[in-house]
>>> print(open('run_33.cif').read())   # mmCIF, C-alpha atoms
data_query
loop_
_atom_site.label_atom_id
_atom_site.label_comp_id
_atom_site.auth_asym_id
_atom_site.auth_seq_id
_atom_site.Cartn_x
_atom_site.Cartn_y
_atom_site.Cartn_z
CA MET A 1 -4.85 54.18 9.50
CA SER A 2 -4.18 50.80 10.97
CA GLU A 3 -2.55 48.11 8.90
CA LEU A 4 -5.64 45.91 9.20
CA LEU A 5 -8.00 48.57 7.90
CA LYS A 6 -5.66 49.41 5.08
CA ASN A 7 -5.58 45.80 3.99
CA ILE A 8 -9.35 45.49 4.15
CA ILE A 9 -9.78 48.59 2.00
CA ARG A 10 -7.15 47.29 -0.41
CA PHE A 11 -8.95 43.95 -0.62
CA VAL A 12 -12.28 45.57 -1.43
CA LEU A 13 -10.73 47.96 -3.92
CA LEU A 14 -8.77 45.28 -5.77
CA MET A 15 -11.75 42.93 -5.89
CA PHE A 16 -13.94 45.71 -7.20
CA VAL A 17 -11.42 46.61 -9.91
CA GLN A 18 -10.90 42.97 -10.82
CA VAL A 19 -14.54 41.95 -11.02
CA PHE A 20 -16.06 45.01 -12.59
CA ILE A 21 -13.29 46.33 -14.79
CA LEU A 22 -10.53 43.83 -15.54
CA ASN A 23 -12.78 40.82 -16.04
CA ASN A 24 -14.45 42.65 -18.90
CA ILE A 25 -11.16 43.24 -20.66
CA MET A 26 -10.36 40.63 -23.27
CA LEU A 27 -7.55 41.57 -25.60
CA ASN A 28 -7.07 39.16 -28.46
CA GLY A 29 -8.09 36.24 -26.27
CA LEU A 30 -4.56 36.16 -24.90
CA VAL A 31 -4.58 38.84 -22.23
CA GLN A 32 -6.49 38.29 -19.02
CA PRO A 33 -4.88 40.34 -16.26
CA TYR A 34 -5.49 39.29 -12.66
CA LEU A 35 -4.53 42.22 -10.50
CA TYR A 36 -6.44 41.06 -7.40
CA MET A 37 -3.62 38.77 -6.34
CA LEU A 38 -1.59 41.89 -5.58
CA PHE A 39 -3.51 41.85 -2.29
CA ILE A 40 -1.65 38.67 -1.27
CA LEU A 41 1.66 40.18 -2.32
CA LEU A 42 1.13 43.24 -0.17
CA LEU A 43 0.15 41.52 3.09
CA PRO A 44 2.48 42.52 5.93
CA PHE A 45 5.82 40.76 6.32
CA GLN A 46 5.00 39.43 9.78
CA THR A 47 1.80 37.60 8.79
CA PRO A 48 2.10 34.00 10.04
CA ARG A 49 2.38 31.46 7.29
CA TRP A 50 -0.79 29.55 8.14
CA LEU A 51 -2.77 32.79 8.23
CA LEU A 52 -1.23 33.77 4.92
CA LEU A 53 -2.36 30.49 3.41
CA ILE A 54 -5.89 30.90 4.68
CA ILE A 55 -6.18 34.54 3.59
CA GLY A 56 -4.75 33.70 0.18
CA THR A 57 -7.12 30.80 -0.36
CA ALA A 58 -10.06 32.89 0.81
CA THR A 59 -9.12 35.65 -1.64
CA GLY A 60 -9.07 33.20 -4.51
CA TRP A 61 -12.30 31.65 -3.31
CA VAL A 62 -14.08 35.03 -3.28
CA LEU A 63 -13.03 35.71 -6.85
CA ASP A 64 -14.01 32.16 -7.82
CA ASN A 65 -17.49 32.88 -6.60
CA PHE A 66 -17.64 36.00 -8.72
CA MET A 67 -16.33 34.25 -11.80
CA HIS A 68 -18.11 30.90 -11.40
CA THR A 69 -14.87 28.97 -11.61
CA PRO A 70 -14.87 26.82 -8.47
CA GLY A 71 -11.38 26.13 -7.16
CA LEU A 72 -9.32 27.61 -10.00
CA HIS A 73 -8.31 30.89 -8.38
CA ALA A 74 -8.24 29.36 -4.92
CA ALA A 75 -5.68 26.80 -6.08
CA ALA A 76 -3.48 29.44 -7.72
CA CYS A 77 -3.71 31.82 -4.75
CA ALA A 78 -2.95 29.09 -2.22
CA ALA A 79 0.25 28.32 -4.13
CA VAL A 80 1.18 32.02 -4.20
CA ALA A 81 0.50 32.39 -0.48
CA TYR A 82 2.53 29.28 0.28
CA LEU A 83 5.52 30.31 -1.82
CA ARG A 84 5.54 33.96 -0.73
CA PRO A 85 7.54 33.46 2.51
CA PHE A 86 10.19 31.45 0.66
CA LEU A 87 10.68 34.23 -1.88
CA ILE A 88 10.81 36.90 0.83
CA GLY A 89 13.35 34.83 2.74
CA MET A 90 15.43 34.53 -0.40
CA LEU A 91 15.33 38.26 -1.10
CA SER A 92 15.69 39.56 2.44
CA PRO A 93 19.08 40.89 3.49
CA GLN A 94 21.03 39.45 6.44
CA GLY A 95 18.78 39.67 9.51
CA GLY A 96 15.59 40.24 7.55
CA PHE A 97 13.95 43.40 6.44
CA GLU A 98 14.54 46.15 9.00
CA ASP A 99 10.89 47.09 9.38
CA THR A 100 8.91 43.86 9.50
CA SER A 101 5.68 45.52 10.59
CA ARG A 102 5.29 46.94 7.10
CA SER A 103 4.26 45.41 3.81
CA PRO A 104 6.44 44.50 0.85
CA SER A 105 6.81 47.49 -1.44
CA PRO A 106 9.57 49.10 -3.51
CA ALA A 107 10.26 51.34 -0.55
CA THR A 108 10.77 48.54 1.97
CA MET A 109 12.41 46.00 -0.30
CA GLY A 110 14.16 48.01 -2.94
CA THR A 111 12.74 48.51 -6.41
CA THR A 112 14.65 45.74 -8.19
CA LYS A 113 13.87 43.18 -5.51
CA PHE A 114 10.22 44.14 -5.48
CA ILE A 115 9.94 43.79 -9.24
CA PHE A 116 11.51 40.35 -9.03
CA TYR A 117 9.28 39.41 -6.10
CA ALA A 118 6.10 40.54 -7.82
CA GLY A 119 7.14 39.10 -11.19
CA MET A 120 7.85 35.65 -9.79
CA LEU A 121 4.63 35.38 -7.82
CA VAL A 122 2.47 36.77 -10.62
CA LEU A 123 4.07 34.27 -12.99
CA ILE A 124 3.41 31.38 -10.57
CA HIS A 125 -0.19 32.45 -10.14
CA HIS A 126 -0.78 32.77 -13.85
CA VAL A 127 0.94 29.49 -14.71
CA ILE A 128 -1.24 27.58 -12.26
CA TYR A 129 -4.41 29.45 -13.10
CA PHE A 130 -4.16 29.25 -16.87
CA THR A 131 -2.97 25.66 -16.85
CA LEU A 132 -6.02 24.70 -14.84
CA GLU A 133 -8.29 26.88 -16.91
CA VAL A 134 -7.16 25.84 -20.37
CA PHE A 135 -6.66 22.22 -19.28
CA ASP A 136 -5.73 21.18 -22.75
CA PHE A 137 -2.18 20.06 -23.27
CA GLN A 138 -2.48 19.75 -27.01
CA ALA A 139 -1.70 23.45 -27.55
CA PRO A 140 1.23 24.31 -25.25
CA ARG A 141 2.20 27.34 -27.35
CA TYR A 142 -1.17 28.98 -26.88
CA LEU A 143 -0.97 28.34 -23.15
CA ALA A 144 2.56 29.76 -22.92
CA MET A 145 1.60 32.90 -24.87
CA LYS A 146 -1.43 33.41 -22.69
CA ILE A 147 0.61 33.08 -19.50
CA LEU A 148 3.37 35.36 -20.78
CA PHE A 149 1.19 38.21 -22.04
CA SER A 150 -1.15 38.12 -19.08
CA THR A 151 1.81 38.21 -16.69
CA LEU A 152 3.26 41.23 -18.48
CA ILE A 153 -0.04 43.12 -18.40
CA THR A 154 -0.62 42.27 -14.74
CA LEU A 155 2.86 43.56 -13.92
CA LEU A 156 2.07 46.71 -15.87
CA LEU A 157 -1.08 47.17 -13.82
CA ILE A 158 0.90 46.62 -10.62
CA PHE A 159 3.24 49.38 -11.82
CA VAL A 160 0.24 51.67 -12.34
CA TYR A 161 -1.03 50.75 -8.88
CA GLY A 162 2.39 51.58 -7.54
CA LEU A 163 2.34 54.99 -9.22
CA LEU A 164 -0.98 55.67 -7.53
CA PHE A 165 -0.27 54.35 -4.04
CA PHE A 166 3.36 53.40 -3.37
CA GLU A 167 4.85 56.76 -4.28
CA LYS A 168 3.05 58.70 -1.56
CA ARG A 169 4.12 56.26 1.06
CA LEU A 170 7.70 56.52 -0.01
CA LYS A 171 7.55 60.30 0.30
CA ARG A 172 5.81 60.14 3.64
CA ARG A 173 8.41 57.69 4.83
CA SER A 174 11.29 59.85 3.62
CA PHE A 175 9.83 62.93 5.21
CA SER A 176 9.20 61.38 8.57
CA MET B 177 2.79 9.42 18.67
CA ARG B 178 5.00 12.20 19.93
CA ASN B 179 7.04 12.03 16.79
CA LEU B 180 3.89 12.26 14.74
CA ILE B 181 2.81 15.41 16.54
CA LEU B 182 6.31 16.84 16.13
CA PHE B 183 6.18 16.01 12.45
CA ILE B 184 2.80 17.69 12.05
CA ARG B 185 3.99 20.78 13.89
CA ARG B 186 7.16 20.97 11.89
CA TYR B 187 5.46 20.61 8.53
CA PHE B 188 2.15 22.21 9.46
CA ASN B 189 2.33 24.84 6.73
CA LEU B 190 3.23 22.34 4.04
CA LEU B 191 0.46 19.98 5.12
CA LEU B 192 -2.02 22.85 5.23
CA PHE B 193 -0.93 23.91 1.76
CA ILE B 194 -1.29 20.39 0.39
CA ALA B 195 -4.72 20.02 1.98
CA ILE B 196 -5.91 23.33 0.54
CA GLU B 197 -4.58 22.48 -2.92
CA ALA B 198 -6.24 19.09 -2.79
CA ILE B 199 -9.57 20.66 -1.88
CA CYS B 200 -9.19 23.26 -4.62
CA LEU B 201 -8.26 20.70 -7.27
CA SER B 202 -11.13 18.45 -6.31
CA LYS B 203 -13.44 21.44 -6.71
CA VAL B 204 -11.84 22.29 -10.05
CA LEU B 205 -12.31 18.76 -11.31
CA SER B 206 -15.76 18.21 -9.91
CA GLN B 207 -17.51 21.52 -10.47
CA ASN B 208 -16.17 22.88 -13.76
CA PRO B 209 -17.86 21.04 -16.63
CA PHE B 210 -14.91 21.14 -19.02
CA GLN B 211 -12.31 20.04 -16.49
CA GLN B 212 -14.68 17.43 -15.15
CA ALA B 213 -15.20 15.93 -18.59
CA TRP B 214 -11.47 15.87 -19.16
CA PHE B 215 -10.84 14.24 -15.81
CA LEU B 216 -13.50 11.60 -16.34
CA GLN B 217 -12.13 10.72 -19.75
CA PHE B 218 -8.58 10.63 -18.44
CA SER B 219 -9.42 8.48 -15.44
CA GLU B 220 -11.61 6.15 -17.46
CA GLU B 221 -8.86 5.63 -19.98
CA TRP B 222 -6.21 4.86 -17.40
CA MET B 223 -8.42 2.88 -15.09
CA GLY B 224 -9.44 0.82 -18.09
CA LYS B 225 -5.83 0.16 -19.00
CA LEU B 226 -5.04 -0.76 -15.41
CA TYR B 227 -7.96 -3.16 -15.20
CA GLN B 228 -6.93 -4.66 -18.51
CA HIS B 229 -3.46 -5.44 -17.17
CA TYR B 230 -4.94 -6.79 -13.98
CA ALA B 231 -7.23 -9.08 -15.92
CA ASP B 232 -4.35 -10.22 -18.13
CA VAL B 233 -2.37 -11.25 -15.07
CA MET B 234 -5.29 -12.85 -13.26
CA GLN B 235 -6.14 -14.91 -16.32
CA TYR B 236 -2.99 -16.93 -15.86
CA PHE B 237 -4.18 -18.21 -12.53
CA GLN B 238 -7.37 -19.53 -14.10
CA LEU B 239 -5.79 -21.09 -17.16
CA ARG B 240 -5.92 -24.54 -15.63
CA GLN B 241 -9.63 -24.37 -14.91
CA VAL B 242 -10.21 -22.90 -18.36
CA ASN B 243 -8.26 -25.75 -19.96
CA ASP B 244 -10.17 -28.33 -17.98
CA SER B 245 -13.52 -26.88 -18.92
CA LEU B 246 -12.52 -26.66 -22.58
CA LEU B 247 -11.32 -30.25 -22.48
CA ALA B 248 -14.61 -31.38 -21.00
CA GLU B 249 -16.55 -29.48 -23.61
CA ASN B 250 -14.41 -30.84 -26.45
CA THR B 251 -14.94 -34.37 -25.19
CA ARG B 252 -18.66 -33.81 -25.08
CA LEU B 253 -18.66 -32.45 -28.63
CA ARG B 254 -16.43 -35.21 -29.95
CA ASN B 255 -18.77 -37.76 -28.49
CA GLN B 256 -21.55 -36.28 -30.58
CA LEU B 257 -19.77 -36.62 -33.92
CA ALA B 258 -21.56 -38.61 -36.57
CA GLN B 259 -18.48 -40.75 -37.13
CA ASP B 260 -18.82 -42.10 -33.60
CA TYR B 261 -21.97 -43.97 -34.59
CA SER B 262 -22.18 -46.98 -36.80
CA PHE B 263 -24.85 -46.51 -39.37
CA PRO B 264 -27.89 -48.73 -38.81
CA ASP B 265 -29.42 -50.82 -41.54
CA THR B 266 -32.22 -48.71 -42.96
CA SER B 267 -32.93 -50.98 -45.92
CA ARG B 268 -34.94 -53.53 -43.96
CA ARG B 269 -36.92 -51.24 -41.73
CA LEU B 270 -37.38 -47.52 -41.12
CA ILE B 271 -35.15 -46.15 -38.36
CA ARG B 272 -35.76 -42.59 -37.41
CA ASP B 273 -32.92 -42.19 -34.92
CA THR B 274 -29.80 -42.97 -36.91
CA ALA B 275 -27.50 -41.90 -34.06
CA HIS B 276 -28.39 -44.99 -32.11
CA HIS B 277 -25.51 -47.41 -32.23
CA ARG B 278 -22.62 -45.69 -30.64
CA GLN B 279 -19.34 -47.11 -31.83
CA TYR B 280 -16.68 -44.71 -30.59
CA LEU B 281 -16.36 -43.01 -27.22
CA TYR B 282 -13.83 -40.30 -26.35
CA TYR B 283 -12.21 -39.84 -22.95
CA PRO B 284 -10.11 -36.77 -22.16
CA ALA B 285 -6.66 -37.29 -20.63
CA GLU B 286 -3.78 -35.13 -19.57
CA VAL B 287 -0.28 -35.84 -20.85
CA VAL B 288 2.11 -36.24 -17.92
CA ASN B 289 5.17 -37.47 -19.75
CA ASN B 290 6.21 -37.30 -23.36
CA SER B 291 9.38 -37.66 -25.39
CA ILE B 292 10.17 -36.95 -29.01
CA VAL B 293 13.94 -37.34 -29.19
CA HIS B 294 14.34 -41.13 -29.09
CA ALA B 295 13.76 -43.69 -31.80
CA SER B 296 10.99 -45.25 -29.67
CA ASN B 297 8.94 -42.58 -28.00
CA TYR B 298 6.21 -43.12 -25.43
CA ILE B 299 3.61 -40.85 -23.92
CA THR B 300 2.27 -41.27 -20.40
CA ILE B 301 -1.27 -40.07 -19.82
CA HIS B 302 -3.14 -39.55 -16.58
CA ARG B 303 -6.05 -41.91 -17.12
CA GLY B 304 -5.91 -45.59 -16.43
CA LYS B 305 -7.82 -48.84 -16.12
CA LEU B 306 -10.16 -47.49 -13.45
CA GLU B 307 -11.22 -44.71 -15.81
CA GLY B 308 -11.84 -47.03 -18.75
CA VAL B 309 -8.47 -47.17 -20.53
CA HIS B 310 -7.03 -50.48 -21.71
CA ALA B 311 -4.45 -51.57 -24.23
CA ASN B 312 -4.99 -51.06 -27.99
CA MET B 313 -7.07 -47.93 -27.67
CA GLY B 314 -6.32 -45.11 -30.07
CA VAL B 315 -5.09 -41.77 -28.77
CA VAL B 316 -5.67 -38.54 -30.69
CA SER B 317 -4.78 -34.95 -29.96
CA ALA B 318 -6.92 -31.97 -30.86
CA GLN B 319 -5.14 -31.81 -34.24
CA GLY B 320 -4.76 -35.42 -35.20
CA VAL B 321 -3.55 -38.92 -34.40
CA ALA B 322 -1.13 -39.21 -31.48
CA GLY B 323 -0.58 -42.89 -30.69
CA VAL B 324 -1.94 -46.14 -29.30
CA VAL B 325 -2.24 -47.30 -25.70
CA VAL B 326 0.09 -50.22 -25.04
CA ARG B 327 -0.31 -50.71 -21.31
CA ALA B 328 -2.57 -49.31 -18.63
CA SER B 329 -2.19 -49.18 -14.87
CA ASP B 330 -4.89 -48.13 -12.44
CA HIS B 331 -4.55 -44.41 -13.04
CA TYR B 332 -2.01 -44.06 -15.83
CA ALA B 333 -1.57 -45.45 -19.29
CA LEU B 334 1.49 -45.82 -21.49
CA VAL B 335 0.92 -44.74 -25.05
CA MET B 336 3.12 -45.72 -27.96
CA SER B 337 3.60 -42.44 -29.75
CA LEU B 338 3.24 -42.13 -33.49
CA LEU B 339 6.91 -41.21 -33.22
CA HIS B 340 7.92 -44.83 -32.62
CA LYS B 341 9.90 -46.95 -35.03
CA ASP B 342 7.41 -49.83 -34.74
CA PHE B 343 4.28 -47.77 -35.19
CA ARG B 344 2.28 -48.55 -38.33
CA LEU B 345 -0.96 -46.77 -39.10
CA SER B 346 -3.36 -47.66 -41.85
CA VAL B 347 -4.31 -44.44 -43.65
CA ARG B 348 -6.30 -43.24 -46.59
CA LEU B 349 -5.76 -40.37 -48.97
CA LYS B 350 -8.74 -38.15 -48.30
CA ARG B 351 -8.97 -36.81 -51.86
CA THR B 352 -8.90 -40.11 -53.77
CA GLY B 353 -9.59 -42.71 -51.11
CA ASP B 354 -6.44 -44.76 -51.81
CA ILE B 355 -5.06 -46.57 -48.81
CA GLY B 356 -1.51 -46.79 -47.57
CA TYR B 357 0.29 -46.74 -44.29
CA VAL B 358 2.27 -44.23 -42.27
CA ARG B 359 5.39 -44.92 -40.27
CA TRP B 360 7.94 -42.73 -38.61
CA ASP B 361 11.51 -42.89 -39.85
CA GLY B 362 13.03 -41.24 -36.79
CA GLU B 363 14.31 -38.28 -38.68
CA ASN B 364 12.15 -35.39 -37.59
CA PRO B 365 9.35 -35.34 -34.99
CA ALA B 366 7.29 -33.12 -37.27
CA THR B 367 7.24 -35.42 -40.31
CA ALA B 368 6.64 -39.09 -41.14
CA LEU B 369 6.61 -41.32 -44.23
CA LEU B 370 3.55 -42.34 -46.23
CA SER B 371 4.02 -45.58 -48.18
CA ASP B 372 2.08 -48.00 -50.37
CA ILE B 373 0.26 -45.42 -52.43
CA PRO B 374 -0.01 -46.81 -55.97
CA ARG B 375 1.96 -45.09 -58.72
CA SER B 376 -1.25 -44.44 -60.61
CA VAL B 377 -2.30 -41.91 -58.00
CA THR B 378 -0.88 -38.43 -58.39
CA LEU B 379 0.07 -37.00 -55.01
CA TYR B 380 -0.10 -33.28 -54.56
CA ARG B 381 1.48 -31.16 -51.94
CA ASN B 382 -0.86 -30.58 -48.90
CA ASP B 383 -3.04 -33.58 -49.75
CA THR B 384 -4.73 -34.59 -46.52
CA VAL B 385 -3.96 -38.02 -45.11
CA VAL B 386 -6.63 -39.45 -42.76
CA THR B 387 -7.09 -42.67 -40.84
CA SER B 388 -8.70 -45.46 -42.83
CA GLY B 389 -10.75 -46.96 -40.02
CA PHE B 390 -9.47 -50.44 -40.86
CA SER B 391 -7.78 -50.81 -37.53
CA VAL B 392 -10.14 -51.08 -34.59
CA MET B 393 -8.34 -48.26 -32.79
CA PHE B 394 -9.26 -45.17 -34.78
CA PRO B 395 -12.48 -44.08 -36.37
CA PRO B 396 -12.15 -43.29 -40.07
CA GLY B 397 -11.41 -39.75 -41.14
CA ILE B 398 -9.13 -38.52 -38.37
CA VAL B 399 -6.38 -36.32 -39.80
CA VAL B 400 -2.87 -37.79 -39.67
CA GLY B 401 -0.93 -35.26 -41.71
CA TYR B 402 -0.45 -33.44 -44.98
CA VAL B 403 1.73 -34.47 -47.92
CA GLU B 404 4.90 -32.45 -47.93
CA LYS B 405 7.17 -33.96 -50.57
CA VAL B 406 6.73 -36.85 -52.96
CA GLY B 407 9.69 -39.16 -53.40
CA HIS B 408 10.45 -41.54 -56.27
CA GLN B 409 10.98 -45.26 -56.02
CA PRO B 410 11.89 -46.25 -59.57
CA ALA B 411 11.73 -50.01 -59.08
CA SER B 412 8.36 -50.18 -57.37
CA ASN B 413 4.70 -49.97 -58.13
CA PHE B 414 4.18 -47.86 -55.07
CA GLN B 415 5.31 -44.41 -54.23
CA ILE B 416 6.54 -42.96 -50.97
CA ALA B 417 5.88 -39.47 -49.66
CA ARG B 418 6.95 -37.39 -46.71
CA ILE B 419 4.02 -36.01 -44.73
CA ARG B 420 3.84 -33.19 -42.24
CA LEU B 421 2.20 -34.56 -39.08
CA ALA B 422 -0.91 -32.77 -37.91
CA THR B 423 -0.18 -33.30 -34.22
CA ALA B 424 2.41 -31.02 -32.64
CA PHE B 425 4.10 -33.65 -30.50
CA SER B 426 6.52 -31.19 -28.94
CA ARG B 427 3.70 -29.35 -27.18
CA LEU B 428 1.24 -32.10 -26.47
CA ARG B 429 -0.76 -31.25 -23.33
CA TYR B 430 -4.15 -32.90 -23.59
CA VAL B 431 -5.25 -35.93 -25.62
CA TYR B 432 -8.36 -38.01 -26.10
CA VAL B 433 -8.44 -41.75 -25.71
CA ILE B 434 -10.85 -43.46 -28.09
CA GLU B 435 -12.77 -46.52 -27.13
CA ASN B 436 -14.24 -48.60 -29.94
CA LEU B 437 -17.28 -50.22 -28.39
CA GLN B 438 -17.55 -52.73 -31.20
CA ALA B 439 -13.89 -53.69 -31.25
CA PRO B 440 -14.26 -57.02 -29.43
CA GLU B 441 -16.83 -58.15 -31.95
CA GLN B 442 -14.66 -57.19 -34.92
CA LEU B 443 -11.55 -58.75 -33.41
CA GLN B 444 -13.35 -61.94 -32.57
CA LEU B 445 -14.66 -62.21 -36.09
CA GLU B 446 -11.25 -61.53 -37.61
CA SER B 447 -9.49 -64.04 -35.35
CA HIS B 448 -11.28 -66.90 -37.08
CA ILE B 449 -9.90 -66.20 -40.55
CA PRO B 450 -9.30 -69.67 -41.92
CA SER B 451 -5.64 -69.94 -42.74
CA PRO B 452 -5.07 -71.16 -46.27
#
>>> encode(input="run_33.cif", output="structure tokens")
Amino acid sequence: MSELLKNIIRFVLLMFVQVFILNNIMLNGLVQPYLYMLFILLLPFQTPRWLLLIIGTATGWVLDNFMHTPGLHAAACAAVAYLRPFLIGMLSPQGGFEDTSRSPSPATMGTTKFIFYAGMLVLIHHVIYFTLEVFDFQAPRYLAMKILFSTLITLLLIFVYGLLFFEKRLKRRSFS
Amino acid sequence: MRNLILFIRRYFNLLLFIAIEAICLSKVLSQNPFQQAWFLQFSEEWMGKLYQHYADVMQYFQLRQVNDSLLAENTRLRNQLAQDYSFPDTSRRLIRDTAHHRQYLYYPAEVVNNSIVHASNYITIHRGKLEGVHANMGVVSAQGVAGVVVRASDHYALVMSLLHKDFRLSVRLKRTGDIGYVRWDGENPATALLSDIPRSVTLYRNDTVVTSGFSVMFPPGIVVGYVEKVGHQPASNFQIARIRLATAFSRLRYVYVIENLQAPEQLQLESHIPSP
């Protein structure tokens, strides 16, 4: 399966899960996981930065249209897509990741680095999104709690996603 | 131009990011009702504050015009006061328009020079012979009596300030009607001395002292000052009091010159007092 097709399938799958399952989950008013942005995290290493920005913004825009929140997700996703190359550059070893045709994953980056990578970007996304959504600076504690819990749950969901999809890849890679 | 293109190429991703974020934020603020309301309130508040400051600054540049227009209006209003008109004789025939015989006329004037520190202080005003000022005209400020014109040139006039050792002003106690006179003792530009009030009259603090109208220069009833402290003169039938002057001489900017239209007649009549 080509990398392009895989990404398209991943996009459709994550959007479907986000719109029809996760958007209906509302725990205590504090937890609103946004797993769809994992799509931006998993784009291939070699994607040019301008393309990354456009794909990221488009992803956010599609979800905005589903959720009737013009601009909120697009703004957050654009920031994630812009900051992604900086974080990868920070985490990459001397000379870059050996296999740049692949996507970031625990297998290609190392588990600790991937957790840090995903955690940072999810946090950035959630900070921007919830700040713009709540838009009320009278209750900073509520905002901080919302960001924190949602980030943790999103990371948990990414872990579940990893159990379902990353593991096989790792095995296939180690076998080949 | 080449540098600009190089700059754009170098920072293309950053510029693209900023452009996308700007578009997104404008959508957030314009299409989400809650955020839009917040933004409108925020911008209105701050724009209002900004405009307020702007107006505060710009006001200074118009202060002169504002002062001039206020001065003109005050002059117009002063010229309509009842005390400007001498009362006609209504006992012989019926006169419907009692404001007929104008006696006093006010002219506005700007103070161009003023001193308060000498024993003999003079004020120079920017209105002279050509604009109707001549010697022996009274000069009042917005608060009270200021002085008397002593000399006039074509466009300027020299005014003997109330703060002059030779200045004598016939006054009346507004409450009782007793007459006396005010002079300046050179001590303090904010106070003067009131003399010749009979001992039978009890002076109270803050009693108003007004012009008597005996001199031809001032109409009756213009405020001169307020009694501050009553002194004792044991060997005299008259008492002396220190009054707080109504006019703030240290910040005199605009004054009115008073013309008494019936002064020549009164002076001519008084000049023929048969000497005993």
>>> closest_residue(input="run_33.cif", among="A:Met15, A:Leu42, A:Ala78, A:Leu5", to="chain B", atoms="only C-alpha atoms")
A:Ala78
>>> atom_distance(input="run_33.cif", atom1="CA of Asn297 (chain B)", atom2="CA of Arg240 (chain B)")
26.4 Å
>>> resolve_selection(input="run_33.cif", expression="the PyMOL selection byres ((chain A and resi 48-51) around 10)", output="PDB file with C-alpha atoms, in the coordinates of the input")
ATOM      1  CA  PRO A  44       2.480  42.520   5.930  1.00  0.00           C
ATOM      2  CA  PHE A  45       5.820  40.760   6.320  1.00  0.00           C
ATOM      3  CA  GLN A  46       5.000  39.430   9.780  1.00  0.00           C
ATOM      4  CA  THR A  47       1.800  37.600   8.790  1.00  0.00           C
ATOM      5  CA  LEU A  52      -1.230  33.770   4.920  1.00  0.00           C
ATOM      6  CA  LEU A  53      -2.360  30.490   3.410  1.00  0.00           C
ATOM      7  CA  ILE A  54      -5.890  30.900   4.680  1.00  0.00           C
ATOM      8  CA  ILE A  55      -6.180  34.540   3.590  1.00  0.00           C
ATOM      9  CA  GLY A  56      -4.750  33.700   0.180  1.00  0.00           C
ATOM     10  CA  THR A  57      -7.120  30.800  -0.360  1.00  0.00           C
ATOM     11  CA  ALA A  81       0.500  32.390  -0.480  1.00  0.00           C
ATOM     12  CA  TYR A  82       2.530  29.280   0.280  1.00  0.00           C
ATOM     13  CA  LEU A  83       5.520  30.310  -1.820  1.00  0.00           C
ATOM     14  CA  ARG A  84       5.540  33.960  -0.730  1.00  0.00           C
ATOM     15  CA  PRO A  85       7.540  33.460   2.510  1.00  0.00           C
TER      16      PRO A  85
ATOM     17  CA  PHE B 188       2.150  22.210   9.460  1.00  0.00           C
ATOM     18  CA  ASN B 189       2.330  24.840   6.730  1.00  0.00           C
ATOM     19  CA  LEU B 190       3.230  22.340   4.040  1.00  0.00           C
ATOM     20  CA  LEU B 192      -2.020  22.850   5.230  1.00  0.00           C
ATOM     21  CA  PHE B 193      -0.930  23.910   1.760  1.00  0.00           C
TER      22      PHE B 193
END
>>> interface_residues(input="run_33.cif", of="chain B", to="chain A", cutoff="6 Å", atoms="only C-alpha atoms", output="ChimeraX atom specification")
/B:189,197,200,203-204
>>> atom_distance(input="run_33.cif", atom1="CA of Leu148 (chain A)", atom2="CA of Leu27 (chain A)")
13.5 Å
>>> residues_around(input="run_33.cif", residues="region 420-424 of chain B", least_positions_apart="4", cutoff="8 Å", atoms="all atoms listed in the file", output="list in words")
Ser317, Ala318, Gln319, Gly320, Val321, Ala322, Ala366, Thr367, Ala368, Val399, Val400, Gly401, Tyr402, Val403, Glu404 and Leu428 of chain B
>>> atom_distance(input="run_33.cif", atom1="CA of Tyr117 (chain A)", atom2="CA of Phe11 (chain A)")
19.6 Å
>>> resolve_selection(input="run_33.cif", expression="the PyMOL selection byres ((chain B and resi 363) around 12)", output="PDB file with C-alpha atoms, in the frame of the given file")
ATOM      1  CA  ILE B 292      10.170 -36.950 -29.010  1.00  0.00           C
ATOM      2  CA  VAL B 293      13.940 -37.340 -29.190  1.00  0.00           C
ATOM      3  CA  HIS B 294      14.340 -41.130 -29.090  1.00  0.00           C
ATOM      4  CA  ALA B 295      13.760 -43.690 -31.800  1.00  0.00           C
ATOM      5  CA  SER B 296      10.990 -45.250 -29.670  1.00  0.00           C
ATOM      6  CA  LEU B 339       6.910 -41.210 -33.220  1.00  0.00           C
ATOM      7  CA  HIS B 340       7.920 -44.830 -32.620  1.00  0.00           C
ATOM      8  CA  LYS B 341       9.900 -46.950 -35.030  1.00  0.00           C
ATOM      9  CA  ARG B 359       5.390 -44.920 -40.270  1.00  0.00           C
ATOM     10  CA  TRP B 360       7.940 -42.730 -38.610  1.00  0.00           C
ATOM     11  CA  ASP B 361      11.510 -42.890 -39.850  1.00  0.00           C
ATOM     12  CA  GLY B 362      13.030 -41.240 -36.790  1.00  0.00           C
ATOM     13  CA  ASN B 364      12.150 -35.390 -37.590  1.00  0.00           C
ATOM     14  CA  PRO B 365       9.350 -35.340 -34.990  1.00  0.00           C
ATOM     15  CA  ALA B 366       7.290 -33.120 -37.270  1.00  0.00           C
ATOM     16  CA  THR B 367       7.240 -35.420 -40.310  1.00  0.00           C
ATOM     17  CA  ALA B 368       6.640 -39.090 -41.140  1.00  0.00           C
ATOM     18  CA  LEU B 369       6.610 -41.320 -44.230  1.00  0.00           C
ATOM     19  CA  ARG B 418       6.950 -37.390 -46.710  1.00  0.00           C
TER      20      ARG B 418
END
>>> residues_around(input="run_33.cif", residues="Gly397 (chain B)", least_positions_apart="4", cutoff="9 Å", atoms="only C-alpha atoms", output="ChimeraX atom specification")
/B:259,347-348,350,385-389
>>> resolve_selection(input="run_33.cif", expression="the PyMOL selection byres ((chain B and resi 241-251) around 8)", output="ChimeraX atom specification")
/B:238-240,252-255,282-284,430,432
